[in-house]
Amino acid sequence: QGSGSAAELTCGSHIVKTDVPKSLGGRNTAAQPMELLIAALMGCETATATYVARHMKPRLPLRRIAFEYSAERNDAGAQELPIEQKPQHEARLTAIRGTAHVHLAAGAVETLDRIALLQELVEQR
């Protein structure tokens, strides 16, 4: 359900809210949909890495992954007027770049080769 530019969605037993900034006509009461899309990607990466680490032989003692990322989007298409005409620019993500920082359980030590293997296995999935 929604009100203006804000939306409230039920995902299983969870409620997810979105909105847009005031400059785009919203109330800025929640994350923008594009921000949630990127957050969902990071969540998928984390869940996959956790699963892979648990099944590596020997098990990789993953504690958490911290992401530093940036995303690029051409907003011109989404805001282009007149609204009845096809936009000259596509409103879509053009790039997502970032780094995942792997944090191991306290006292655990792993080789860079094993961390690289974790990355490779996650990317395959």
# chains A, B, ... in the order shown; residues from 1 in each chain; ligands from 1
$ select_by_dssp --residues "chain A" --states "strand (DSSP E)" --output "PyMOL selection string"
chain A and resi 2-3+6-11+14-18+62-73+93-104
$ write_last_selection --atoms "C-alpha atoms" --output "CSV table (one decimal), in the first residue's frame"
chain,number,residue,atom,x,y,z
A,2,GLY,CA,1.2,3.5,-0.5
A,3,SER,CA,0.5,7.1,0.2
A,6,ALA,CA,5.8,6.4,0.1
A,7,ALA,CA,5.1,2.7,0.1
A,8,GLU,CA,4.8,0.1,2.8
A,9,LEU,CA,5.3,-3.5,1.6
A,10,THR,CA,4.9,-6.8,3.4
A,11,CYS,CA,7.6,-9.3,2.8
A,14,HIS,CA,8.4,-8.1,7.7
A,15,ILE,CA,7.4,-4.7,6.7
A,16,VAL,CA,9.6,-2.7,4.3
A,17,LYS,CA,9.0,1.0,3.7
A,18,THR,CA,10.2,3.2,0.9
A,62,LEU,CA,33.4,-15.8,9.0
A,63,ARG,CA,32.0,-13.3,11.5
A,64,ARG,CA,30.7,-10.5,9.2
A,65,ILE,CA,31.2,-8.7,6.0
A,66,ALA,CA,31.3,-4.9,5.8
A,67,PHE,CA,30.7,-3.2,2.4
A,68,GLU,CA,31.9,0.0,1.0
A,69,TYR,CA,30.1,0.7,-2.2
A,70,SER,CA,29.0,3.4,-4.6
A,71,ALA,CA,26.3,3.3,-7.2
A,72,GLU,CA,25.8,5.4,-10.2
A,73,ARG,CA,22.4,6.1,-11.7
A,93,LEU,CA,21.8,1.9,-12.4
A,94,THR,CA,24.8,2.2,-14.6
A,95,ALA,CA,27.3,0.9,-12.2
A,96,ILE,CA,27.7,-0.6,-8.7
A,97,ARG,CA,31.3,-0.7,-7.4
A,98,GLY,CA,32.6,-1.6,-4.0
A,99,THR,CA,34.7,-3.5,-1.7
A,100,ALA,CA,33.7,-6.3,0.8
A,101,HIS,CA,35.8,-6.4,3.9
A,102,VAL,CA,35.8,-9.9,5.4
A,103,HIS,CA,35.9,-10.1,9.2
A,104,LEU,CA,36.8,-13.4,10.8
$ residues_around --residues "region 111-118 of chain A" --least-positions-apart "2" --cutoff "9 Å" --atoms "only C-alpha atoms" --output "ChimeraX atom specification"
/A:49,52-53,56,60,102,109,120-123
$ write_last_selection --atoms "N, CA, C and O atoms" --output "mmCIF file, in the first residue's frame"
data_model
loop_
_atom_site.group_PDB
_atom_site.id
_atom_site.type_symbol
_atom_site.label_atom_id
_atom_site.label_comp_id
_atom_site.auth_asym_id
_atom_site.auth_seq_id
_atom_site.Cartn_x
_atom_site.Cartn_y
_atom_site.Cartn_z
ATOM 1 N N ALA A 49 27.843 -15.559 1.132
ATOM 2 C CA ALA A 49 29.181 -15.744 1.710
ATOM 3 C C ALA A 49 29.106 -16.539 3.008
ATOM 4 O O ALA A 49 29.954 -17.399 3.265
ATOM 5 N N VAL A 52 28.543 -20.187 2.006
ATOM 6 C CA VAL A 52 29.757 -20.756 1.419
ATOM 7 C C VAL A 52 30.812 -20.987 2.487
ATOM 8 O O VAL A 52 31.419 -22.062 2.556
ATOM 9 N N ALA A 53 31.044 -19.994 3.357
ATOM 10 C CA ALA A 53 32.060 -20.116 4.410
ATOM 11 C C ALA A 53 31.768 -21.304 5.316
ATOM 12 O O ALA A 53 32.678 -22.044 5.712
ATOM 13 N N MET A 56 32.785 -24.554 3.410
ATOM 14 C CA MET A 56 34.167 -24.743 2.959
ATOM 15 C C MET A 56 34.840 -25.779 3.854
ATOM 16 O O MET A 56 34.483 -25.929 5.027
ATOM 17 N N LEU A 60 35.418 -21.866 7.022
ATOM 18 C CA LEU A 60 36.018 -20.545 7.169
ATOM 19 C C LEU A 60 35.233 -19.806 8.248
ATOM 20 O O LEU A 60 34.017 -19.655 8.135
ATOM 21 N N VAL A 102 36.096 -8.675 4.722
ATOM 22 C CA VAL A 102 35.776 -9.916 5.426
ATOM 23 C C VAL A 102 36.356 -9.840 6.835
ATOM 24 O O VAL A 102 37.547 -9.594 7.014
ATOM 25 N N VAL A 109 42.573 -17.017 12.035
ATOM 26 C CA VAL A 109 43.548 -16.571 11.034
ATOM 27 C C VAL A 109 43.290 -17.366 9.762
ATOM 28 O O VAL A 109 43.120 -18.579 9.806
ATOM 29 N N GLU A 120 35.669 -16.154 -4.854
ATOM 30 C CA GLU A 120 35.411 -16.885 -6.107
ATOM 31 C C GLU A 120 34.145 -17.740 -5.993
ATOM 32 O O GLU A 120 33.304 -17.745 -6.902
ATOM 33 N N LEU A 121 34.012 -18.446 -4.900
ATOM 34 C CA LEU A 121 32.858 -19.325 -4.715
ATOM 35 C C LEU A 121 31.550 -18.517 -4.584
ATOM 36 O O LEU A 121 30.505 -18.941 -5.084
ATOM 37 N N VAL A 122 31.630 -17.379 -3.925
ATOM 38 C CA VAL A 122 30.440 -16.522 -3.794
ATOM 39 C C VAL A 122 30.046 -15.986 -5.176
ATOM 40 O O VAL A 122 28.866 -15.989 -5.539
ATOM 41 N N GLU A 123 31.016 -15.542 -5.951
ATOM 42 C CA GLU A 123 30.727 -14.998 -7.278
ATOM 43 C C GLU A 123 30.133 -16.048 -8.207
ATOM 44 O O GLU A 123 29.360 -15.712 -9.106
#
$ closest_residue --among "A:Thr46, A:Ser5, A:Asn74, A:Ser13" --to "Asn28 (chain A)" --atoms "only C-alpha atoms"
A:Ser5
